[in-house]
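Visitor: If you scroll down you'll find the structure; I have some questions about it.
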Amino acid sequence: MTCSTAVSGAAIPAAQTVRPLRRTPVALAALMLLAGAHVQAQDTAAAGEPAVLLQMAQASAPALPAVTVTATLTEQDARTAPASVTVINRDELAARNASDVLDAVRGAPGLTLSPRQVGGRKTLALRGLEGKHTLTLIDGRRISATDDVVGHSDYQYGWLPMSAVERIEIIRGPMSALYGSEALGGVINLITRQPKDRWIGSVGVSASTPTSSSEGEPTGATSVFAAGPVGERLTLRVNAELAHSAPVADRQSPLLSEIEGSHAKNGGLAARFALTPEQTLEAGWSGGKEQRRYDTSSSTKGVYRSTYDIERSQAHVGWEGKFDNWRGKLRAYRSEIDIVNSASNGVSPTRPQNMVDDVLDGHASFALGAHKITVGGEWRRETLENAGLKNGVDDAVHKALFAQDEIALTDTLMFTAGLRADHHALFGSEVSPRAYLVWEPTSALVVKGGFGHAFKAPTLKQISPNYVGAEGPHTFAGNGNIKPESSNSFEVGADWQVAPAWSLRATVFNTEVKDLITYRLLRTEGVRRFYQYDNVDAARIQGLEAGMTWDITRQVAWSNDLTLLHTRDKSTGKKLADRPSSSLTSRLEWKGAEGWSARLTGEFTGSQTGTDGAALPSYALWSASVGKQFALDAHRKLVLRAGLENIGNVNLAEKSESFGYAERARRVFVTARVDF
């Protein structure tokens, strides 16, 4: 499998690749011509020629290979990296009108949606494994999946505004050999925009409104980003965003909310100091406040408003060295999320929750003959404050060591092997191996595949024998004997550049999951049910990811990504709930002269089984947009885009009340951004 068409155009420094890519004389000549054209265009612009010439020269050059650092902790060509990789770059994020991570990555191969049953919320699932099985990172720093700790939540997607993101790397398949817990389904890494040798930045505004006033209110956001040098050794970057959306009334029950409203303020500041030409220090902070609110009902209190106040923050400091023979990184960071609920009409709110992760990690990479060795370790303390825990608080320390060897067996065959040993203070130890082969028989064909073991540690609620959660009509109890969830997964895939205008890609995978953590009914007293967390399920997930890209003309491209899933609960023999049997994303894009562009996107979700066992029908969402870029000068440009989302005005609740999540009604959106 390879990256999708929405990929970064960043070049790969040759000294940082695991092995040189196959370079034919024609390819080398093309690269030299591209480099010469780029330099000539810059010289022309500097000499005072119109900035449009620079824009045309850059637009005419083919995109260079997409880069991933997530697959191996070192820079790799995404197409030949030892993993199934999709890279979504900043231009693609803007074209998608993405408001958060979930909006940004939806439609990627292997990715489907899972319901959270509250306020229209949903989480992503990679290869049939839920959001709690996908590790989210910011520049490699982990973010806890709150949906596994806080009931019905999706709070892990709001840590970083999209205006501060350079690209998003999606790694599908188990990655515990490098990242430890929570990486059963894969890893999503948000790579932030970095300072250049001059000040860069952007200021943007966006707004959307439903085509019918009865289907919601306008939403809007404004953002700013700036980064650049301060003196010879110091660089700074800063970002801020303000976003607002009102609750959307249920079209069948107007007193209730189909989609919750949100008001969010986010910001960040970071500084990087060059100790020497080879060594840098970095320190930074990012965080924000968000308020969610929606109208719901209680059997005893009637309609009431539920409000969640959410505060997030992450502070980090780190050292990085890039020497001739080796490279290294050492970091310390703290992530914290605080959640407080309030309710009107005399309804009791849910308990306050506070989650903190303190992390110290590091790794080093060096060459040893035909081998590239990476070794590292991690120390992490997670702390949870919740009134259901003994003394209201509990914590656990994770320790890990890992090693990875990337071996060039031949000029066309690369073998990557990794092993990580984790120790959890409460459940014990887990070893996660991984092995992967990449074969490039020709410059047009890449074949790769491998095996990986992954695990997910129990949450502090699940593993605490003293935890009792008695909110709502149910009571949940912890279990000191619970075991971590684990998976063994195989995959094999190929990427074939059939012709200059065609590419085909496909990956088949098989994942065996055991000791899934769920809850077991203990007893019923009146309307109250008593559950205990336990390992009761095993599952098999098999699937196919297939894609095609066709450059119909120099201006028109068509891409398709199809995912087929076959799932089975090995305890009951039934399909796993909330996993569509098929999903397809199709994009038709036109890039014309003078900065014009347009796209039409269709997202098809196949039939599935709901959490309540109901059969959910298939549906399709269509969107269209048109954009225009204006070159203001050699360094500044104005980017405008307008479009229509959910053209068919699909209402999932009308199709089935068992969907458990919602999509916004048909809306018109406009965005404007100035880059400098």
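Residue numbering restarts at 1 in every chain; chains get A, B, ... in the order shown in the structure tokens, and ligands count up from 1 in that same order.
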Identify, on the basis of only C-alpha atoms, every residue whose closest approach to Arg272 in chain A does not exceed 10 Å; exclude the query and any residue fewer than 3 positions from it along the same chain; express the result as a PyMOL selection string.
Guide: chain A and resi 194-195+229-230+233-237+275+280-284+317-319
Visitor: Could you save those same residues with N, CA and C atoms as a tab-separated table (two decimals), in the first residue's frame?
Guide:
chain	number	residue	atom	x	y	z
A	194	GLN	N	6.95	24.28	10.59
A	194	GLN	CA	8.20	24.68	11.22
A	194	GLN	C	8.74	25.96	10.59
A	195	PRO	N	9.51	26.72	11.36
A	195	PRO	CA	10.10	27.95	10.82
A	195	PRO	C	11.06	27.67	9.68
A	229	PRO	N	12.87	33.29	12.02
A	229	PRO	CA	14.08	33.48	12.83
A	229	PRO	C	14.05	34.77	13.64
A	230	VAL	N	14.68	34.70	14.81
A	230	VAL	CA	14.93	35.87	15.65
A	230	VAL	C	16.43	35.85	15.94
A	233	ARG	N	20.40	32.26	15.78
A	233	ARG	CA	20.24	30.93	16.35
A	233	ARG	C	18.83	30.60	16.82
A	234	LEU	N	18.01	31.60	17.01
A	234	LEU	CA	16.69	31.39	17.62
A	234	LEU	C	15.59	31.53	16.57
A	235	THR	N	14.66	30.57	16.58
A	235	THR	CA	13.46	30.67	15.75
A	235	THR	C	12.24	30.50	16.64
A	236	LEU	N	11.15	31.16	16.25
A	236	LEU	CA	9.90	31.11	17.01
A	236	LEU	C	8.77	30.69	16.08
A	237	ARG	N	7.75	30.10	16.67
A	237	ARG	CA	6.50	29.88	15.94
A	237	ARG	C	5.33	30.06	16.92
A	275	LEU	N	22.15	25.20	19.42
A	275	LEU	CA	23.33	25.19	20.28
A	275	LEU	C	24.60	25.19	19.43
A	280	THR	N	20.12	21.20	18.46
A	280	THR	CA	19.10	22.20	18.74
A	280	THR	C	18.34	21.84	20.01
A	281	LEU	N	17.87	22.88	20.69
A	281	LEU	CA	16.96	22.74	21.81
A	281	LEU	C	15.62	23.34	21.42
A	282	GLU	N	14.55	22.71	21.87
A	282	GLU	CA	13.22	23.24	21.58
A	282	GLU	C	12.36	23.16	22.83
A	283	ALA	N	11.55	24.18	23.03
A	283	ALA	CA	10.57	24.19	24.11
A	283	ALA	C	9.29	24.82	23.58
A	284	GLY	N	8.16	24.31	24.05
A	284	GLY	CA	6.90	24.85	23.55
A	284	GLY	C	5.71	24.47	24.41
A	317	VAL	N	9.76	20.01	26.11
A	317	VAL	CA	11.12	20.50	25.94
A	317	VAL	C	11.94	19.34	25.38
A	318	GLY	N	12.88	19.63	24.48
A	318	GLY	CA	13.61	18.53	23.87
A	318	GLY	C	14.93	18.96	23.27
A	319	TRP	N	15.79	17.98	23.08
A	319	TRP	CA	17.08	18.15	22.41
A	319	TRP	C	17.13	17.24	21.20
Visitor: List as a list in words the protein and nucleic acid residues near Ala408 in chain A, meaning an atom at most 10 Å away when only C-alpha atoms are counted, but skip any in the same chain fewer than 6 places from it.
Guide: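 Using only C-alpha atoms, the neighbours found are Val18, Arg19, Gly369, Ala370, His371, Lys372, Met414, Phe415, Thr416 and Val438 of chain A.
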Visitor: For a quick check of understanding, using only C-alpha atoms, which of A:Ala83, A:Val375, A:Ile191, A:Val149 has the smallest distance to Gly328 in chain A?
Guide: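 When distances to Gly328 in chain A are compared using only C-alpha atoms, the smallest one comes from A:Val375.
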Visitor: Considering only C-alpha atoms, can you say which of A:Gly267, A:Gly606, A:Gly595, A:Gly627 comes closest to Leu562 in chain A?
Guide: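 When distances to Leu562 in chain A are compared using only C-alpha atoms, the smallest one comes from A:Gly606.
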Visitor: State, in Å with one decimal place, the distance from CA of Phe630 in chain A to CA of Thr671 in chain A.
Guide: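 Result for CA of Phe630 in chain A versus CA of Thr671 in chain A: 13.9 Å, one decimal.
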Visitor: Would you kindly return, as an mmCIF file with N, CA and C atoms, in the first residue's frame, each protein, DNA or RNA residue with an atom no farther than 8 Å from any atom of Arg172 in chain A, considering only C-alpha atoms and excluding same-chain residues fewer than 6 positions away?
Guide:
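To be explicit, this is the file written out as part-v2.cif:
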data_model
loop_
_atom_site.group_PDB
_atom_site.id
_atom_site.type_symbol
_atom_site.label_atom_id
_atom_site.label_comp_id
_atom_site.auth_asym_id
_atom_site.auth_seq_id
_atom_site.Cartn_x
_atom_site.Cartn_y
_atom_site.Cartn_z
ATOM 1 N N ALA A 83 5.500 0.148 5.892
ATOM 2 C CA ALA A 83 4.177 0.264 6.521
ATOM 3 C C ALA A 83 3.192 0.717 5.453
ATOM 4 N N SER A 84 1.907 0.626 5.764
ATOM 5 C CA SER A 84 0.864 1.182 4.906
ATOM 6 C C SER A 84 0.645 2.630 5.318
ATOM 7 N N VAL A 85 0.977 3.548 4.440
ATOM 8 C CA VAL A 85 1.089 4.963 4.792
ATOM 9 C C VAL A 85 0.205 5.820 3.894
ATOM 10 N N GLY A 110 -8.884 2.489 4.561
ATOM 11 C CA GLY A 110 -8.948 1.743 5.812
ATOM 12 C C GLY A 110 -9.621 2.447 6.953
ATOM 13 N N LEU A 126 -9.565 2.510 12.404
ATOM 14 C CA LEU A 126 -8.608 2.094 11.400
ATOM 15 C C LEU A 126 -8.642 0.578 11.263
ATOM 16 N N ARG A 127 -8.930 0.116 10.064
ATOM 17 C CA ARG A 127 -8.996 -1.310 9.775
ATOM 18 C C ARG A 127 -9.902 -2.048 10.766
ATOM 19 N N GLY A 185 -4.624 -0.483 15.946
ATOM 20 C CA GLY A 185 -5.131 -0.165 14.615
ATOM 21 C C GLY A 185 -4.165 0.645 13.787
ATOM 22 N N GLY A 186 -3.338 1.444 14.445
ATOM 23 C CA GLY A 186 -2.387 2.275 13.723
ATOM 24 C C GLY A 186 -2.064 3.535 14.484
ATOM 25 N N VAL A 187 -1.420 4.464 13.775
ATOM 26 C CA VAL A 187 -0.941 5.713 14.367
ATOM 27 C C VAL A 187 -1.310 6.860 13.441
#
